[in-house]
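One file, run.cif, carrying mmCIF, C-alpha atoms:
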data_entry
loop_
_atom_site.label_atom_id
_atom_site.label_comp_id
_atom_site.auth_asym_id
_atom_site.auth_seq_id
_atom_site.Cartn_x
_atom_site.Cartn_y
_atom_site.Cartn_z
CA MET A 4 158.41 255.55 -190.63
CA ASN A 5 161.66 254.81 -188.83
CA ASP A 6 162.65 255.86 -185.32
CA LEU A 7 164.21 259.19 -186.22
CA GLU A 8 161.24 260.18 -188.38
CA ALA A 9 158.84 259.22 -185.60
CA ARG A 10 160.81 261.32 -183.11
CA LEU A 11 160.60 264.32 -185.43
CA ALA A 12 156.86 263.84 -185.90
CA ARG A 13 156.32 263.72 -182.12
CA PHE A 14 157.26 267.39 -181.71
CA ALA A 15 154.63 268.84 -179.40
CA ALA A 16 153.59 272.41 -178.71
CA THR A 17 152.21 272.66 -175.18
CA ASP A 18 149.51 275.26 -174.59
CA PRO A 19 149.46 276.66 -178.12
CA LYS A 20 147.91 280.11 -178.43
CA PRO A 21 144.78 280.34 -180.61
CA PRO A 22 145.00 283.08 -183.24
CA THR A 23 143.05 286.34 -183.05
CA PHE A 24 141.60 288.19 -186.02
CA PRO A 25 140.41 291.60 -187.16
CA ASP A 26 136.67 291.98 -187.80
CA ALA A 27 135.32 289.27 -190.07
CA ASP A 28 133.17 290.02 -193.12
CA VAL A 29 130.60 287.72 -191.54
CA ALA A 30 130.66 287.39 -187.75
CA TYR A 31 128.59 284.71 -186.09
CA THR A 32 127.91 283.17 -182.74
CA LEU A 33 125.89 280.27 -181.38
CA HIS A 34 123.33 281.56 -178.93
CA ASP A 35 121.55 279.19 -176.56
CA THR A 36 117.95 280.19 -175.90
CA ALA A 37 114.79 278.70 -174.42
CA ILE A 38 113.74 277.60 -177.93
CA GLY A 39 117.06 276.07 -178.91
CA THR A 40 120.46 277.13 -180.21
CA LEU A 41 120.32 279.94 -182.72
CA LEU A 42 123.16 280.70 -185.09
CA LEU A 43 123.25 284.49 -185.27
CA ALA A 44 125.27 286.18 -188.00
CA VAL A 45 125.97 289.79 -188.90
CA ALA A 46 127.54 291.22 -192.07
CA HIS A 47 128.19 294.94 -192.58
CA GLY A 48 126.23 295.70 -189.42
CA ARG A 49 123.09 293.87 -190.60
CA VAL A 50 121.66 290.63 -189.31
CA VAL A 51 121.91 288.04 -192.09
CA ALA A 52 121.05 284.94 -190.08
CA SER A 53 119.14 283.86 -187.02
CA SER A 54 118.85 280.21 -187.73
CA PHE A 55 118.22 276.83 -186.16
CA ALA A 56 120.37 275.17 -188.84
CA ASP A 57 123.65 273.55 -187.81
CA GLU A 58 126.89 275.50 -187.74
CA GLU A 59 128.56 273.84 -190.72
CA THR A 60 125.57 274.14 -193.03
CA MET A 61 124.87 277.75 -192.13
CA THR A 62 128.45 279.05 -192.17
CA THR A 63 129.01 277.34 -195.52
CA ARG A 64 125.96 279.13 -196.94
CA LEU A 65 127.18 282.44 -195.51
CA ALA A 66 130.67 281.87 -196.97
CA ARG A 67 129.24 281.25 -200.43
CA ALA A 68 126.64 284.02 -200.37
CA ILE A 69 128.58 286.86 -198.71
CA SER A 70 132.28 286.26 -198.08
CA PRO A 71 134.41 283.27 -197.05
CA ARG A 72 135.85 285.41 -194.24
CA VAL A 73 133.37 283.99 -191.76
CA LEU A 74 134.48 283.89 -188.12
CA ARG A 75 133.01 283.06 -184.75
CA GLN A 76 133.16 286.56 -183.25
CA PRO A 77 130.52 287.19 -180.61
CA ARG A 78 131.01 290.93 -180.11
CA PRO A 79 129.26 292.23 -183.28
CA LEU A 80 126.28 290.07 -182.26
CA ASP A 81 125.89 291.68 -178.85
CA ASP A 82 122.99 293.91 -179.87
CA VAL A 83 120.86 291.27 -181.59
CA ARG A 84 121.65 288.79 -178.81
CA ARG A 85 120.49 291.21 -176.16
CA GLN A 86 117.31 292.01 -178.10
CA LEU A 87 116.56 288.32 -178.53
CA ASP A 88 117.03 287.66 -174.83
CA GLU A 89 114.73 290.58 -173.99
CA TYR A 90 112.14 289.38 -176.50
CA LEU A 91 112.27 285.81 -175.18
CA ALA A 92 111.86 287.11 -171.64
CA GLY A 93 108.71 288.98 -172.69
CA ALA A 94 110.44 292.33 -172.21
CA ARG A 95 110.48 293.38 -175.88
CA THR A 96 107.82 293.24 -178.60
CA GLU A 97 109.81 294.37 -181.61
CA PHE A 98 113.36 294.22 -182.93
CA THR A 99 115.23 297.33 -183.96
CA VAL A 100 118.15 295.60 -185.70
CA ASP A 101 118.75 295.99 -189.45
CA VAL A 102 118.12 292.83 -191.42
CA ASP A 103 119.68 291.76 -194.71
CA LEU A 104 117.93 289.00 -196.66
CA THR A 105 120.92 288.09 -198.80
CA LEU A 106 120.39 284.42 -198.03
CA ALA A 107 116.80 284.47 -199.29
CA THR A 108 115.59 283.97 -202.87
CA PRO A 109 113.68 286.87 -204.49
CA PHE A 110 110.31 285.25 -203.69
CA GLN A 111 111.37 284.55 -200.10
CA GLN A 112 112.44 288.19 -199.85
CA LEU A 113 109.01 289.29 -201.10
CA VAL A 114 107.35 287.19 -198.39
CA LEU A 115 109.76 288.05 -195.57
CA THR A 116 110.63 291.71 -196.11
CA ASP A 117 107.36 293.17 -194.83
CA LEU A 118 106.44 290.29 -192.56
CA ARG A 119 106.70 292.59 -189.54
CA THR A 120 104.03 294.92 -190.93
CA HIS A 121 101.79 292.07 -192.10
CA THR A 122 101.77 290.33 -188.72
CA ALA A 123 101.21 291.82 -185.30
CA TYR A 124 102.87 290.86 -182.02
CA GLY A 125 100.58 288.50 -180.12
CA ALA A 126 98.42 287.66 -183.15
CA THR A 127 98.53 285.05 -185.90
CA LYS A 128 97.72 285.05 -189.60
CA THR A 129 97.08 282.14 -191.92
CA TYR A 130 99.26 281.34 -194.91
CA GLY A 131 96.31 282.21 -197.14
CA GLU A 132 95.75 285.59 -195.46
CA LEU A 133 99.41 286.47 -195.85
CA ALA A 134 99.36 285.36 -199.50
CA GLY A 135 96.36 287.64 -199.99
CA ALA A 136 98.10 290.54 -198.29
CA LEU A 137 101.01 290.05 -200.71
CA ASP A 138 98.63 290.09 -203.73
CA ARG A 139 99.37 286.41 -204.37
CA PRO A 140 96.05 284.96 -203.16
CA LYS A 141 96.71 281.57 -204.80
CA ALA A 142 100.23 281.21 -203.44
CA ALA A 143 99.47 280.12 -199.86
CA ARG A 144 101.59 276.98 -200.23
CA ALA A 145 104.54 278.84 -201.78
CA VAL A 146 104.27 281.46 -199.05
CA GLY A 147 104.46 278.66 -196.47
CA THR A 148 107.58 277.27 -198.12
CA ALA A 149 109.17 280.72 -198.22
CA LEU A 150 108.46 281.25 -194.53
CA GLY A 151 109.93 277.83 -193.79
CA ALA A 152 113.17 278.97 -195.40
CA ASN A 153 113.32 282.16 -193.31
CA PRO A 154 117.05 282.77 -192.64
CA VAL A 155 116.30 285.32 -189.92
CA CYS A 156 113.98 283.42 -187.59
CA VAL A 157 112.31 285.08 -184.59
CA VAL A 158 113.54 288.54 -185.68
CA LEU A 159 111.35 288.16 -188.76
CA PRO A 160 108.29 286.57 -187.15
CA CYS A 161 107.45 283.66 -189.47
CA HIS A 162 106.16 281.89 -186.34
CA ARG A 163 103.06 284.15 -186.44
CA VAL A 164 101.81 282.50 -189.63
CA ILE A 165 99.81 279.27 -189.21
CA GLY A 166 97.54 276.92 -191.15
CA ALA A 167 93.94 277.81 -192.01
CA SER A 168 92.71 275.13 -189.60
CA GLY A 169 94.62 276.75 -186.77
CA ALA A 170 97.29 274.03 -186.84
CA LEU A 171 100.80 275.39 -186.40
CA THR A 172 101.89 273.34 -189.46
CA GLY A 173 105.67 273.65 -189.18
CA TYR A 174 108.66 275.58 -187.90
CA ALA A 175 112.41 275.39 -188.49
CA GLY A 176 112.97 275.26 -184.73
CA GLY A 177 110.26 272.64 -184.20
CA LEU A 178 106.56 273.04 -183.41
CA GLN A 179 107.28 273.29 -179.67
CA ALA A 180 109.40 276.37 -180.31
CA LYS A 181 106.64 277.89 -182.45
CA GLN A 182 104.09 277.21 -179.71
CA PHE A 183 106.46 278.69 -177.11
CA LEU A 184 106.81 281.91 -179.12
CA LEU A 185 103.07 282.26 -179.73
CA ASN A 186 102.29 281.61 -176.04
CA LEU A 187 104.95 284.11 -175.02
CA GLU A 188 103.53 286.79 -177.30
CA LYS A 189 99.93 286.13 -176.26
CA LYS A 190 100.86 286.38 -172.60
CA THR A 191 102.98 289.50 -173.09
CA ALA A 192 100.42 291.17 -175.39
CA VAL A 193 97.86 290.96 -172.56
CA PHE A 194 100.34 292.30 -170.03
CA PRO A 195 102.68 294.36 -172.22
CA PRO A 196 106.15 295.16 -170.92
CA SER A 197 106.14 298.40 -169.01
CA MET B 7 132.33 283.17 -206.03
CA THR B 8 132.50 279.80 -207.76
CA VAL B 9 135.54 278.46 -205.91
CA GLY B 10 133.39 277.44 -202.94
CA LEU B 11 135.85 278.32 -200.21
CA PRO B 12 134.79 276.96 -196.83
CA PRO B 13 134.07 279.44 -194.02
CA PHE B 14 137.41 280.65 -192.65
CA GLN B 15 136.42 279.54 -189.15
CA ALA B 16 136.45 275.93 -190.37
CA LEU B 17 140.13 276.35 -191.35
CA VAL B 18 140.96 277.88 -188.00
CA ASP B 19 139.19 275.11 -186.08
CA ALA B 20 140.76 272.34 -188.16
CA HIS B 21 144.31 273.64 -188.43
CA TRP B 22 145.24 276.18 -185.76
CA ARG B 23 147.01 273.58 -183.64
CA ASP B 24 149.03 272.35 -186.62
CA VAL B 25 150.03 275.90 -187.51
CA ALA B 26 151.04 276.62 -183.90
CA ARG B 27 153.09 273.44 -183.75
CA LEU B 28 154.93 274.05 -187.02
CA ALA B 29 155.57 277.69 -186.10
CA ARG B 30 157.12 276.67 -182.79
CA ALA B 31 159.23 273.96 -184.39
CA LEU B 32 160.54 276.47 -186.93
CA ALA B 33 160.92 279.56 -184.77
CA GLY B 34 161.11 278.31 -181.20
CA PRO B 35 158.58 278.49 -178.38
CA VAL B 36 158.63 282.27 -177.94
CA ASP B 37 158.78 283.54 -181.53
CA GLY B 38 156.67 280.61 -182.69
CA ASP B 39 153.46 282.09 -181.31
CA ASP B 40 154.16 285.40 -183.10
CA VAL B 41 154.88 283.56 -186.31
CA ALA B 42 151.62 281.62 -186.03
CA GLN B 43 149.62 284.79 -185.33
CA ARG B 44 151.24 286.61 -188.29
CA ALA B 45 150.59 283.61 -190.53
CA TRP B 46 146.89 283.64 -189.63
CA GLU B 47 146.63 287.38 -190.27
CA LYS B 48 148.18 286.93 -193.72
CA ALA B 49 145.98 283.97 -194.50
CA PHE B 50 142.87 285.87 -193.39
CA ALA B 51 143.77 288.84 -195.60
CA ALA B 52 144.53 286.70 -198.66
CA TYR B 53 141.72 284.17 -198.26
CA PRO B 54 138.94 285.69 -200.43
CA GLU B 55 141.35 285.89 -203.38
CA LEU B 56 142.23 282.20 -203.32
CA THR B 57 141.39 280.54 -206.63
CA SER B 58 141.21 276.99 -205.31
CA ALA B 59 139.74 275.38 -202.22
CA LYS B 60 142.17 272.47 -202.47
CA ASN B 61 145.13 271.86 -200.16
CA LEU B 62 144.15 274.59 -197.72
CA ARG B 63 146.17 272.97 -194.93
CA SER B 64 149.26 272.94 -197.11
CA TRP B 65 148.56 276.58 -198.04
CA LEU B 66 148.41 277.56 -194.35
CA LEU B 67 151.61 275.72 -193.50
CA THR B 68 153.37 277.36 -196.46
CA ILE B 69 152.38 280.79 -195.14
CA THR B 70 153.59 279.75 -191.70
CA ALA B 71 156.98 278.68 -193.07
CA ARG B 72 157.31 281.99 -194.93
CA CYS B 73 156.47 284.00 -191.82
CA ALA B 74 159.10 282.02 -189.91
CA THR B 75 161.67 282.81 -192.64
CA ASP B 76 160.73 286.50 -192.56
CA LEU B 77 161.19 286.69 -188.82
CA HIS B 78 164.41 284.75 -189.02
CA ARG B 79 165.83 287.07 -191.69
CA ALA B 80 164.77 290.16 -189.77
CA ARG B 81 166.46 288.87 -186.63
CA ARG B 82 169.71 287.74 -188.25
CA PRO B 83 172.49 290.22 -187.47
CA GLN B 84 173.44 292.21 -190.53
CA ARG B 85 177.01 291.54 -191.62
CA PRO B 86 178.96 291.89 -194.83
CA LEU B 87 178.48 288.95 -197.18
CA ASP B 88 182.15 287.84 -197.16
CA GLU B 89 182.03 287.45 -193.39
CA ALA B 90 179.01 285.19 -193.47
CA PRO B 91 179.72 281.67 -192.24
CA PRO B 92 179.73 279.01 -195.00
CA VAL B 93 176.78 277.23 -193.38
CA ALA B 94 174.02 279.15 -191.66
CA ILE B 95 173.86 277.77 -188.13
CA ASP B 96 171.26 279.97 -186.60
CA GLY B 97 168.13 278.01 -185.83
CA PRO B 98 166.43 278.70 -182.50
CA ASP B 99 168.01 277.38 -179.31
CA ALA B 100 166.45 274.03 -178.44
CA GLY B 101 167.79 273.69 -174.91
CA ASP B 102 164.40 273.50 -173.20
CA TRP B 103 162.42 271.88 -176.02
CA PRO B 104 160.88 268.46 -175.74
CA ASP B 105 163.54 266.03 -177.06
CA PRO B 106 166.25 268.70 -176.90
CA ASP B 107 169.05 266.50 -178.32
CA LEU B 108 167.09 265.92 -181.50
CA TRP B 109 165.99 269.53 -181.93
CA ARG B 110 169.40 270.93 -181.13
CA ALA B 111 170.69 268.78 -183.98
CA VAL B 112 167.83 269.88 -186.27
CA ASN B 113 168.55 273.50 -185.50
CA GLN B 114 172.18 273.05 -186.55
CA LEU B 115 171.11 271.98 -190.04
CA PRO B 116 171.45 274.35 -192.98
CA GLU B 117 168.30 276.45 -193.14
CA ARG B 118 166.62 274.78 -196.12
CA GLN B 119 167.27 271.29 -194.78
CA ARG B 120 165.93 272.34 -191.40
CA TYR B 121 162.77 273.76 -193.00
CA ALA B 122 162.32 270.74 -195.27
CA VAL B 123 162.64 268.17 -192.51
CA THR B 124 160.37 270.17 -190.17
CA LEU B 125 157.70 270.72 -192.81
CA LYS B 126 157.82 267.03 -193.73
CA TYR B 127 157.56 265.54 -190.24
CA VAL B 128 156.09 268.19 -187.94
CA GLY B 129 153.92 269.67 -190.71
CA ASP B 130 153.14 266.17 -191.98
CA LEU B 131 153.33 267.41 -195.59
CA ASP B 132 154.21 265.26 -198.58
CA HIS B 133 157.06 266.30 -200.86
CA HIS B 134 154.70 268.30 -203.04
CA GLY B 135 153.64 270.31 -199.99
CA VAL B 136 157.21 270.77 -198.77
CA ALA B 137 158.30 271.80 -202.26
CA ALA B 138 155.48 274.37 -202.50
CA ALA B 139 156.44 275.87 -199.15
CA LEU B 140 160.10 276.09 -200.12
CA ASP B 141 159.49 277.21 -203.69
CA THR B 142 161.27 274.24 -205.15
CA THR B 143 160.58 270.86 -206.78
CA PRO B 144 159.45 267.66 -205.05
CA ALA B 145 162.74 266.03 -206.14
CA ALA B 146 164.71 268.80 -204.45
CA SER B 147 162.54 268.46 -201.35
CA ARG B 148 163.24 264.72 -201.25
CA ARG B 149 166.97 265.47 -201.44
CA LEU B 150 166.85 268.12 -198.72
CA VAL B 151 164.98 265.78 -196.40
CA SER B 152 167.24 262.78 -197.01
CA ASP B 153 170.38 264.90 -196.55
CA ALA B 154 168.91 266.27 -193.33
CA LEU B 155 168.05 262.78 -192.02
CA ALA B 156 171.56 261.53 -192.84
CA THR B 157 173.16 264.41 -190.94
CA LEU B 158 170.80 263.94 -188.00
CA ARG B 159 171.61 260.23 -187.84
CA ARG B 160 175.31 261.03 -187.81
CA THR B 161 174.98 263.75 -185.18
CA LEU B 162 172.67 261.81 -182.89
CA GLY B 163 174.75 258.66 -183.27
CA ALA B 164 177.74 260.64 -182.05
CA ILE B 165 175.98 261.91 -178.91
#
Take the structure in the file and give it back as structure tokens.
Amino acid sequence: MNDLEARLARFAATDPKPPTFPDADVAYTLHDTAIGTLLLAVAHGRVVASSFADEETMTTRLARAISPRVLRQPRPLDDVRRQLDEYLAGARTEFTVDVDLTLATPFQQLVLTDLRTHTAYGATKTYGELAGALDRPKAARAVGTALGANPVCVVLPCHRVIGASGALTGYAGGLQAKQFLLNLEKKTAVFPPS
Amino acid sequence: MTVGLPPFQALVDAHWRDVARLARALAGPVDGDDVAQRAWEKAFAAYPELTSAKNLRSWLLTITARCATDLHRARRPQRPLDEAPPVAIDGPDAGDWPDPDLWRAVNQLPERQRYAVTLKYVGDLDHHGVAAALDTTPAASRRLVSDALATLRRTLGAI
């Protein structure tokens, strides 16, 4: 590149203005919590993700599954964010947001859809017990895998399901996060929020 | 959706500065920000219909160039065709731009040469990209750019 070309290429825009957009088909935000950073996403007013996965992986999945018009727009997430903060502060025992399991496979949907009725705040169930409750008594392992793929963590309480031995077994946000949530619920269940 | 378009936010994060820069080079510091905003709105509206996930940067810069042309045409005073000057000399005023001598000379170029040279060097597009943005062939883009550089050399040499 000669001098003139280099001078042209050096054109600089000082303080460029970032663009603004109308509402995205999928709005998401990264929400820092006591158990780690959650990627929260909403589409058509329903929560489609509450995930410990990294931003690129998760937004790419959302783009493919729902719409490529995925934008970081915190406002549509205000409600679920507030509910999460209340829950994590022990001031809320259930979520009232609508959930959409678009990101889940049919079997994962079967396991996750009624998870809130199969598990109680402050209590745990084993993978085998949940498999039994779903009329799939032999599918404890598959149920565990489906819970592990939960795209809407915390809101759908996969953390309440543990191994038959009492071991926590696994959690997308790490075992410490799972332990934190179970301790929080046990403590709050004894002294429920007023 | 088999095209596998990346999340739009990834495009914004990767390219918004390039779009802003090209828009300002084409339309000036004030109108440039409007051009960039309009370009993003158009891109956002059209995005789900895209049939290829290739060359998304080039696609964005093409939209930006078209928005700059639209604004430019809308702003140009209406006058009868036979009174139009033989060469359009109506790029933005470059008096307070960085490197004002250079950009004053660029803004005196005929419109297509000005766009071609700006897309090539500020937009950092190859001749295929420039040609796509200007609805022409890579050979024509090469010609526009080399004519523009020759004129610029002459003008700047004379300063």
Selection under test: the PyMOL selection byres ((chain A and resi 80-83) around 10); residues as a list in words = Ala30, Tyr31, Thr32, Leu33, His34, Leu43, Ala44, Val45, Ala46, Gly48, Arg49, Val50, Ser53, Gln76, Pro77, Arg78, Pro79, Arg84, Arg85, Gln86, Leu87, Asp88, Glu89, Phe98, Thr99, Val100, Asp101 and Val158 of chain A
task = Would you translate the PyMOL selection byres ((chain B) within 8 of (chain A)) into the concrete set of residues it matches in this file, as a PyMOL selection string?
result = chain B and resi 7+10-15+22-23+26-27+30-31+35+39+42-43+46-47+50+53-54+104-105+108+124+127-128+130+155+159
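Using all atoms listed in the file for every distance, the candidate list B:Thr57, B:Gln119, B:Thr142, B:Gln114 yields B:Gln114 as the residue closest to Leu162 of chain B.
Once the PyMOL selection byres ((chain B and resi 134) around 9) is applied to the depicted file, the selected set reads Leu131, Asp132, His133, Gly135, Val136, Ala137, Ala138, Ala139, Thr143, Pro144, Ala145 and Ser147 of chain B.
Taking atom CA of Leu32 of chain B and atom CA of Arg63 of chain B as the two end points, the separation is 16.8 Å.
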ask   = Quick one, how far is atom CA of Thr191 of chain A from atom CA of Gly131 of chain A?
value =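 That distance, rounded to one decimal, is 26.0 Å.
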